[in-house]
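Trainee: What follows is data_17.txt, made up of compact mmCIF, C-alpha atoms:
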```txt
# COMPACT_ATOMS: atom_id res chain seq x y z
CA MET A 1 -11.44 89.06 12.25
CA ASN A 2 -11.85 85.86 14.23
CA HIS A 3 -13.60 83.06 12.41
CA LEU A 4 -15.62 79.92 12.90
CA SER A 5 -13.56 77.13 11.33
CA SER A 6 -15.81 74.11 11.62
CA TYR A 7 -18.51 72.48 13.69
CA CYS A 8 -20.30 69.25 14.39
CA HIS A 9 -23.72 68.43 15.75
CA ILE A 10 -24.58 65.38 17.80
CA SER A 11 -28.09 64.17 18.52
CA THR A 12 -29.39 60.77 19.51
CA LYS A 13 -30.27 60.21 15.89
CA GLU A 14 -27.11 61.26 14.09
CA ILE A 15 -23.83 63.12 13.99
CA VAL A 16 -23.25 65.65 11.22
CA THR A 17 -20.43 68.09 10.45
CA ASP A 18 -20.13 71.46 8.72
CA LYS A 19 -19.23 69.62 5.54
CA GLY A 20 -22.83 68.47 5.60
CA ALA A 21 -21.65 64.92 5.99
CA LEU A 22 -23.70 62.48 7.97
CA LEU A 23 -20.97 60.73 9.96
CA PHE A 24 -23.01 58.41 12.11
CA ASP A 25 -26.63 57.43 11.83
CA ASN A 26 -28.33 55.83 14.80
CA THR A 27 -30.58 53.63 12.70
CA GLU A 28 -30.79 51.07 15.50
CA GLY A 29 -32.38 53.63 17.82
CA LEU A 30 -29.79 53.11 20.54
CA GLU A 31 -30.13 54.96 23.83
CA VAL A 32 -27.76 57.99 23.93
CA ASN A 33 -25.03 56.39 26.04
CA ASP A 34 -24.97 53.28 23.85
CA PHE A 35 -24.99 55.38 20.68
CA LEU A 36 -22.01 57.41 21.91
CA LYS A 37 -20.13 54.23 22.83
CA THR A 38 -20.81 52.82 19.36
CA VAL A 39 -19.44 55.99 17.75
CA TYR A 40 -16.35 55.83 20.01
CA LYS A 41 -15.66 52.27 18.87
CA LYS A 42 -16.13 53.17 15.21
CA LEU A 43 -13.63 56.01 15.59
CA ALA A 44 -11.13 53.43 16.93
CA ILE A 45 -9.99 55.73 19.75
CA ASP A 46 -7.95 54.14 22.52
CA TYR A 47 -8.93 55.98 25.69
CA PRO A 48 -10.56 53.56 28.20
CA LYS A 49 -11.52 56.42 30.54
CA PHE A 50 -14.17 57.34 27.96
CA TYR A 51 -16.38 54.52 29.25
CA LYS A 52 -16.36 55.97 32.74
CA MET A 53 -17.58 59.40 31.64
CA ASP A 54 -21.20 60.46 31.86
CA SER A 55 -23.10 61.10 28.62
CA LEU A 56 -22.44 64.85 28.73
CA SER A 57 -18.69 64.34 28.85
CA LYS A 58 -18.87 61.52 26.29
CA ALA A 59 -20.67 63.78 23.81
CA ALA A 60 -18.19 66.64 24.35
CA PHE A 61 -15.28 64.22 24.03
CA LEU A 62 -16.53 62.80 20.72
CA GLY A 63 -17.43 66.22 19.34
CA VAL A 64 -13.91 67.47 20.01
CA GLU A 65 -12.35 64.30 18.58
CA LEU A 66 -14.31 64.89 15.38
CA LEU A 67 -13.22 68.53 15.23
CA LYS A 68 -9.61 67.43 15.68
CA LYS A 69 -9.95 65.00 12.77
CA GLU A 70 -11.22 67.79 10.53
CA ASN A 71 -8.76 70.41 11.79
CA ALA A 72 -5.23 69.08 11.95
CA ALA A 73 -3.99 72.61 12.69
CA LEU A 74 -5.36 72.28 16.23
CA ALA A 75 -2.31 70.20 17.07
CA GLU A 76 -0.07 73.14 16.16
CA TYR A 77 -1.30 75.36 18.99
CA ALA A 78 0.55 75.54 22.29
CA ASP A 79 -1.21 73.85 25.22
CA ASP A 80 -2.36 77.19 26.69
CA GLU A 81 -3.54 78.66 23.38
CA ILE A 82 -6.73 76.58 23.14
CA ALA A 83 -9.63 77.78 25.28
CA LEU A 84 -12.91 76.01 26.09
CA LEU A 85 -16.30 77.73 26.27
CA PHE A 86 -19.36 75.60 26.97
CA ALA A 87 -22.94 76.24 28.01
CA ASN A 88 -26.28 74.53 28.47
CA SER A 89 -29.55 75.05 30.28
CA ASN A 90 -29.76 71.91 32.40
CA ALA A 91 -26.29 71.67 33.92
CA SER A 92 -25.66 68.01 34.78
CA GLU A 93 -29.32 67.16 35.41
CA ASP A 94 -29.20 63.73 33.77
CA THR A 95 -26.28 62.57 35.93
CA ASP A 96 -27.68 64.32 39.02
CA LYS A 97 -30.80 62.17 38.75
CA LYS A 98 -28.76 59.00 38.31
CA PHE A 99 -26.70 59.90 41.37
CA VAL A 100 -29.80 60.56 43.46
CA ASN A 101 -31.14 57.22 42.28
CA SER A 102 -27.91 55.46 43.26
CA TYR A 103 -28.43 56.24 46.93
CA ALA A 104 -32.21 56.61 47.09
CA GLU A 105 -33.00 53.28 45.49
CA GLU A 106 -29.81 51.26 45.51
CA HIS A 107 -28.66 52.64 48.90
CA ALA A 108 -25.13 52.96 47.54
CA PRO A 109 -24.09 56.45 46.41
CA SER A 110 -21.76 56.09 43.48
CA PRO A 111 -18.50 58.09 43.75
CA SER A 112 -17.95 57.85 40.00
CA LEU A 113 -21.40 59.34 39.33
CA PHE A 114 -20.83 62.05 41.93
CA VAL A 115 -17.74 63.23 40.03
CA TYR A 116 -19.97 64.15 37.09
CA THR A 117 -22.58 66.09 39.06
CA LEU A 118 -21.01 69.32 37.82
CA PRO A 119 -21.27 70.07 34.10
CA SER A 120 -17.88 71.77 33.99
CA ILE A 121 -16.21 68.41 34.57
CA LEU A 122 -16.52 67.82 30.83
CA MET A 123 -13.97 70.58 30.25
CA GLY A 124 -11.66 68.87 32.71
CA GLU A 125 -11.98 65.66 30.70
CA LEU A 126 -11.12 67.56 27.51
CA ALA A 127 -8.16 69.26 29.17
CA ILE A 128 -6.80 65.96 30.51
CA ARG A 129 -7.30 64.11 27.23
CA ASN A 130 -5.74 66.83 25.06
CA LYS A 131 -3.39 68.47 27.55
CA TRP A 132 -5.05 71.80 26.89
CA TYR A 133 -4.45 74.30 29.66
CA GLY A 134 -6.05 77.45 28.25
CA GLU A 135 -8.95 79.41 29.73
CA SER A 136 -12.21 77.57 30.30
CA LEU A 137 -15.73 78.64 31.15
CA PHE A 138 -19.01 76.74 31.54
CA VAL A 139 -22.17 78.80 31.78
CA ILE A 140 -25.79 77.89 32.45
CA LEU A 141 -28.15 79.81 30.15
CA GLN A 142 -31.90 79.67 29.70
CA LYS A 143 -31.51 78.71 26.05
CA PHE A 144 -28.96 78.69 23.24
CA ASP A 145 -27.61 82.22 22.88
CA ALA A 146 -25.51 83.02 19.80
CA ALA A 147 -24.65 86.47 21.20
CA PHE A 148 -23.15 84.90 24.32
CA PHE A 149 -20.87 82.63 22.29
CA ALA A 150 -19.86 85.42 19.86
CA ASP A 151 -19.15 87.97 22.61
CA TYR A 152 -17.29 85.71 25.03
CA CYS A 153 -15.40 83.81 22.37
CA ASN A 154 -14.19 87.01 20.72
CA MET A 155 -13.18 88.31 24.14
CA ILE A 156 -11.25 85.12 24.94
CA LEU A 157 -9.49 85.35 21.57
CA LEU A 158 -8.36 88.88 22.46
CA ARG A 159 -6.23 87.36 25.21
CA ASN A 160 -3.73 84.53 25.07
CA ALA A 161 -5.92 81.99 23.28
CA LYS A 162 -5.54 81.52 19.54
CA ALA A 163 -8.36 79.00 19.27
CA CYS A 164 -11.50 78.34 21.27
CA ILE A 165 -13.69 75.26 21.26
CA CYS A 166 -17.26 76.23 22.00
CA GLY A 167 -20.19 73.99 22.74
CA TRP A 168 -23.88 74.10 23.52
CA ILE A 169 -24.43 70.68 25.00
CA GLU A 170 -27.65 69.37 26.49
CA ILE A 171 -28.38 65.86 27.62
CA THR A 172 -31.57 65.29 29.50
CA GLU A 173 -34.01 62.44 29.56
CA GLY A 174 -35.32 62.15 26.02
CA LYS A 175 -33.20 64.92 24.56
CA THR A 176 -29.65 64.97 23.28
CA GLU A 177 -28.07 67.90 21.55
CA ALA A 178 -24.44 68.93 21.21
CA PHE A 179 -23.43 71.74 18.87
CA ILE A 180 -19.66 72.07 19.08
CA PHE A 181 -17.63 74.45 17.01
CA LEU A 182 -14.07 75.63 16.63
CA ALA A 183 -13.29 79.36 16.53
CA GLU A 184 -9.86 80.64 15.56
CA LYS A 185 -8.07 83.94 15.60
CA ASN A 186 -7.48 86.03 12.52
CA GLY A 187 -9.11 84.35 9.55
CA ASN A 188 -9.34 85.76 6.04
CA GLU A 189 -12.29 86.94 3.95
CA ASN A 190 -13.06 83.38 2.87
CA ASN A 191 -13.69 82.23 6.43
CA THR A 192 -16.98 82.36 8.28
CA PRO A 193 -16.75 85.39 10.60
CA LEU A 194 -17.29 84.75 14.29
CA THR A 195 -20.39 86.88 14.83
CA LYS A 196 -23.75 86.46 16.53
CA GLN A 197 -25.41 86.43 13.11
CA THR A 198 -23.28 83.62 11.62
CA ILE A 199 -23.45 81.45 14.75
CA GLU A 200 -27.22 81.92 14.90
CA LYS A 201 -27.60 81.13 11.21
CA ILE A 202 -25.58 77.92 11.47
CA TYR A 203 -27.41 76.82 14.60
CA LYS A 204 -30.83 77.46 13.10
CA THR A 205 -29.87 75.62 9.91
CA ILE A 206 -28.71 72.61 11.94
CA MET A 207 -31.88 72.60 14.01
CA LYS A 208 -33.99 72.81 10.87
CA GLN A 209 -32.20 69.95 9.17
CA SER A 210 -31.79 67.81 12.25
CA ARG A 211 -34.24 65.04 12.77
CA PRO A 212 -35.99 65.02 16.14
CA SER A 213 -33.65 63.64 18.78
CA LYS A 214 -36.28 62.34 21.14
CA VAL A 215 -36.02 58.64 21.79
CA MET B 1 -12.71 31.12 47.13
CA GLU B 2 -12.32 30.71 43.33
CA ASN B 3 -16.01 31.43 42.83
CA LEU B 4 -15.68 34.58 44.92
CA LYS B 5 -12.72 35.74 42.81
CA GLU B 6 -14.67 35.26 39.57
CA GLU B 7 -17.63 37.08 41.10
CA LEU B 8 -15.37 39.97 42.13
CA LYS B 9 -13.93 40.27 38.63
CA LYS B 10 -17.40 40.51 37.09
CA GLN B 11 -18.51 43.06 39.69
CA ILE B 12 -15.41 45.20 39.19
CA ILE B 13 -15.85 45.20 35.41
CA GLU B 14 -19.50 46.19 35.72
CA GLN B 15 -19.22 48.74 38.52
CA LEU B 16 -16.11 50.41 37.14
CA ASN B 17 -17.27 50.36 33.50
CA LEU B 18 -14.22 48.49 32.26
CA GLU B 19 -15.88 47.71 28.95
CA ASP B 20 -12.89 46.42 27.03
CA ILE B 21 -11.91 43.98 29.76
CA THR B 22 -13.18 40.47 30.44
CA PRO B 23 -12.80 38.49 33.68
CA ALA B 24 -10.18 36.35 31.93
CA ASP B 25 -8.04 39.49 31.43
CA ILE B 26 -7.74 40.02 35.19
CA LYS B 27 -5.16 37.80 36.86
CA ASN B 28 -5.81 36.96 40.48
CA ASP B 29 -2.44 38.23 41.65
CA ALA B 30 -2.06 41.17 39.23
CA PRO B 31 -2.10 44.72 40.70
CA LEU B 32 -5.44 46.48 40.25
CA PHE B 33 -3.90 49.96 40.40
CA GLY B 34 -0.91 51.39 38.60
CA ASP B 35 0.30 49.10 35.86
CA GLY B 36 -2.48 46.56 36.33
CA LEU B 37 -6.00 47.67 35.42
CA GLY B 38 -4.93 51.29 35.69
CA LEU B 39 -7.62 52.16 38.22
CA ASP B 40 -7.68 55.63 39.78
CA SER B 41 -8.70 57.19 43.10
CA ILE B 42 -12.39 57.37 42.16
CA ASP B 43 -12.26 53.66 41.31
CA ALA B 44 -10.85 53.03 44.79
CA LEU B 45 -13.95 54.67 46.27
CA GLU B 46 -16.13 52.55 43.98
CA LEU B 47 -14.39 49.42 45.26
CA ILE B 48 -15.20 50.40 48.86
CA VAL B 49 -18.86 50.82 47.86
CA LEU B 50 -18.73 47.51 45.96
CA LEU B 51 -17.48 45.59 49.00
CA GLU B 52 -20.26 46.97 51.15
CA LYS B 53 -23.03 46.74 48.54
CA PHE B 54 -22.37 43.21 47.26
CA HIS B 55 -20.54 41.56 50.15
CA GLY B 56 -21.72 43.44 53.23
CA VAL B 57 -18.12 44.15 54.20
CA LYS B 58 -17.01 47.56 55.42
CA ILE B 59 -13.50 48.91 55.47
CA THR B 60 -13.22 50.59 58.84
CA ASN B 61 -9.65 51.78 58.49
CA PRO B 62 -8.99 53.56 55.15
CA GLU B 63 -5.28 52.86 55.64
CA ASP B 64 -6.04 49.18 54.98
CA GLY B 65 -7.44 49.96 51.53
CA ARG B 66 -4.08 49.94 49.77
CA LYS B 67 -3.39 46.37 50.93
CA ILE B 68 -6.94 45.07 50.47
CA PHE B 69 -7.28 46.41 46.94
CA SER B 70 -3.84 45.39 45.74
CA SER B 71 -5.24 42.39 43.81
CA ILE B 72 -8.23 40.10 43.39
CA ASP B 73 -6.48 37.62 45.70
CA SER B 74 -6.20 40.16 48.51
CA MET B 75 -9.80 41.35 48.08
CA ALA B 76 -11.13 37.79 48.22
CA GLU B 77 -8.99 37.04 51.25
CA TYR B 78 -10.26 40.13 53.09
CA ILE B 79 -13.93 39.31 52.34
CA THR B 80 -13.51 35.70 53.42
CA LYS B 81 -11.85 36.70 56.71
CA ALA B 82 -14.40 39.43 57.40
CA LYS B 83 -17.27 36.97 56.98
CA ALA B 84 -15.64 34.17 58.94
```
Once more with this new file: its structure as structure tokens, please.

Mentor:
Amino acid sequence: MNHLSSYCHISTKEIVTDKGALLFDNTEGLEVNDFLKTVYKKLAIDYPKFYKMDSLSKAAFLGVELLKKENAALAEYADDEIALLFANSNASEDTDKKFVNSYAEEHAPSPSLFVYTLPSILMGELAIRNKWYGESLFVILQKFDAAFFADYCNMILLRNAKACICGWIEITEGKTEAFIFLAEKNGNENNTPLTKQTIEKIYKTIMKQSRPSKV
Amino acid sequence: MENLKEELKKQIIEQLNLEDITPADIKNDAPLFGDGLGLDSIDALELIVLLEKFHGVKITNPEDGRKIFSSIDSMAEYITKAKA
């Protein structure tokens, strides 16, 4: 059976992992983009393009970097054996508004903002950064749906992919939430099975423990 | 002209989100693309917007972009000539 290997959760307040560890605590109350930049610097990653990404891509980027740190085996997969499956309910709304503002108020539409007015661009950033060329899918849902992730992820793992990085990632004004997890093919009885029930249980536990992310 | 070059460096850093770079890191004659600041095609579009937004200068022929944006020196020269 396929299994859920590990996960991390990012909010404006904190970043936690499946080990229950609080990795970063936004005690200073930084705005989401500044908080994500602070985390990037603390992780000592050298990837200047990070600064040019919108907050949605930044959060996905950091979530995946954290999963890579916890799961060295990810580096063992071939470049087309890692798939990406992401979803949210607001697409790229936060960046869309900033882009509208760039020409409505500043009379200068920003090309670099325009690039991020599609949520699926975050998967492009992950593919470029990690040279992952597996299947990818970004879906807009009304709300977090554990069944969607379980069904699609298991289906993707039936094909060429041996691992799939999944993410429910929402960044809107006043709300930041990124739940990113790694699913892998063929675990053993000690692993967490990749089912609707286990995904839902983990997500609900995170939401219960997570402090409010409104800033 | 020197003031304009310093102004351009600050504007490029801010508009292109080059957070790890200071104006002192950008040499006037160093290439902005490729081995220089490592800017990409989206940055090139941002530079066109920057010229118009902050300096009121339009690039009418896109073919000229490669030459104009080759360095801070060439950008400053183009702005100065366009405003003369």

Trainee: Using only C-alpha atoms, what does the table of chain A residues within 10 Å of chain B look like, with each row giving the shortest atom pair and its distance in Å to one decimal, sorted by chain and ascending number, as JSON lines?

Mentor:
```
{"residue": "A:Lys37", "atom": "CA", "partner": "B:Glu19", "partner_atom": "CA", "distance": 9.9}
{"residue": "A:Pro48", "atom": "CA", "partner": "B:Leu18", "partner_atom": "CA", "distance": 7.5}
{"residue": "A:Lys49", "atom": "CA", "partner": "B:Leu18", "partner_atom": "CA", "distance": 8.6}
{"residue": "A:Phe50", "atom": "CA", "partner": "B:Asn17", "partner_atom": "CA", "distance": 9.4}
{"residue": "A:Tyr51", "atom": "CA", "partner": "B:Asn17", "partner_atom": "CA", "distance": 6.0}
{"residue": "A:Lys52", "atom": "CA", "partner": "B:Asn17", "partner_atom": "CA", "distance": 5.7}
{"residue": "A:Met53", "atom": "CA", "partner": "B:Asn17", "partner_atom": "CA", "distance": 9.2}
{"residue": "A:Glu106", "atom": "CA", "partner": "B:Lys53", "partner_atom": "CA", "distance": 8.7}
{"residue": "A:His107", "atom": "CA", "partner": "B:Lys53", "partner_atom": "CA", "distance": 8.2}
{"residue": "A:Ala108", "atom": "CA", "partner": "B:Val49", "partner_atom": "CA", "distance": 6.6}
{"residue": "A:Pro109", "atom": "CA", "partner": "B:Val49", "partner_atom": "CA", "distance": 7.8}
{"residue": "A:Ser110", "atom": "CA", "partner": "B:Glu46", "partner_atom": "CA", "distance": 6.7}
{"residue": "A:Pro111", "atom": "CA", "partner": "B:Glu46", "partner_atom": "CA", "distance": 6.0}
{"residue": "A:Ser112", "atom": "CA", "partner": "B:Ile42", "partner_atom": "CA", "distance": 6.0}
{"residue": "A:Leu113", "atom": "CA", "partner": "B:Ile42", "partner_atom": "CA", "distance": 9.6}
{"residue": "A:Phe114", "atom": "CA", "partner": "B:Ile42", "partner_atom": "CA", "distance": 9.7}
{"residue": "A:Val115", "atom": "CA", "partner": "B:Ile42", "partner_atom": "CA", "distance": 8.2}
```

Trainee: Write out as a PyMOL selection string the residues lying within 8 Å of Lys10 of chain B, counting only C-alpha atoms and excluding same-chain residues fewer than 4 positions away.

Mentor: chain B and resi 6+14+22-23

Trainee: Excluding same-chain residues fewer than 5 positions from Asp35 of chain B, what lies within 12 Å of it counting only C-alpha atoms, as a list in words?

Mentor: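 Contacts, with the query itself left out: Ala30, Asp40, Ser70 and Ser71 of chain B.
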
Trainee: In Å, how far is it from atom CA of Met207 of chain A to atom CA of Glu14 of chain A?

Mentor: 12.3 Å

Trainee: Using only C-alpha atoms, list the residues that have an atom at most 9 Å from (-29.7, 65.8, 29.7), coordinates as in the file, as a PyMOL selection string.

Mentor: chain A and resi 55-56+90-95+169-177

Trainee: Give me the residues within 10 Å of Met1 of chain A as a ChimeraX atom specification, counting all atoms listed in the file and dropping any in the same chain fewer than 3 places off.

Mentor: /A:154,184-189,191-195

Trainee: Which protein, DNA or RNA residues are at most 8 Å from (-14.0, 33.2, 47.5) in the file's coordinates when you count all atoms listed in the file, listed as a PyMOL selection string?

Mentor: chain B and resi 1-5+76-77+79-80

Trainee: Export C-alpha atoms of the chosen residues as a PDB file, keeping the file's coordinate frame?

Mentor:
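Once everything was written out, this is selection_15.pdb:
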```
ATOM      1  CA  MET B   1     -12.710  31.120  47.130  1.00  0.00           C
ATOM      2  CA  GLU B   2     -12.320  30.710  43.330  1.00  0.00           C
ATOM      3  CA  ASN B   3     -16.010  31.430  42.830  1.00  0.00           C
ATOM      4  CA  LEU B   4     -15.680  34.580  44.920  1.00  0.00           C
ATOM      5  CA  LYS B   5     -12.720  35.740  42.810  1.00  0.00           C
ATOM      6  CA  ALA B  76     -11.130  37.790  48.220  1.00  0.00           C
ATOM      7  CA  GLU B  77      -8.990  37.040  51.250  1.00  0.00           C
ATOM      8  CA  ILE B  79     -13.930  39.310  52.340  1.00  0.00           C
ATOM      9  CA  THR B  80     -13.510  35.700  53.420  1.00  0.00           C
TER      10      THR B  80
END
```

Trainee: As a ChimeraX atom specification, please: the residues near segment 123-125 of chain A (cut-off 10 Å, all atoms listed in the file, same-chain neighbours under 5 positions excluded).

Mentor: /A:49-50,53,57-58,60-61,83-86,130-133,136-138

Trainee: Which residues are near Gly29 of chain A? Cut-off 12 Å, only C-alpha atoms, ignore same chain within fewer than 3 positions. Put them as a count of residues only.

Mentor: 16
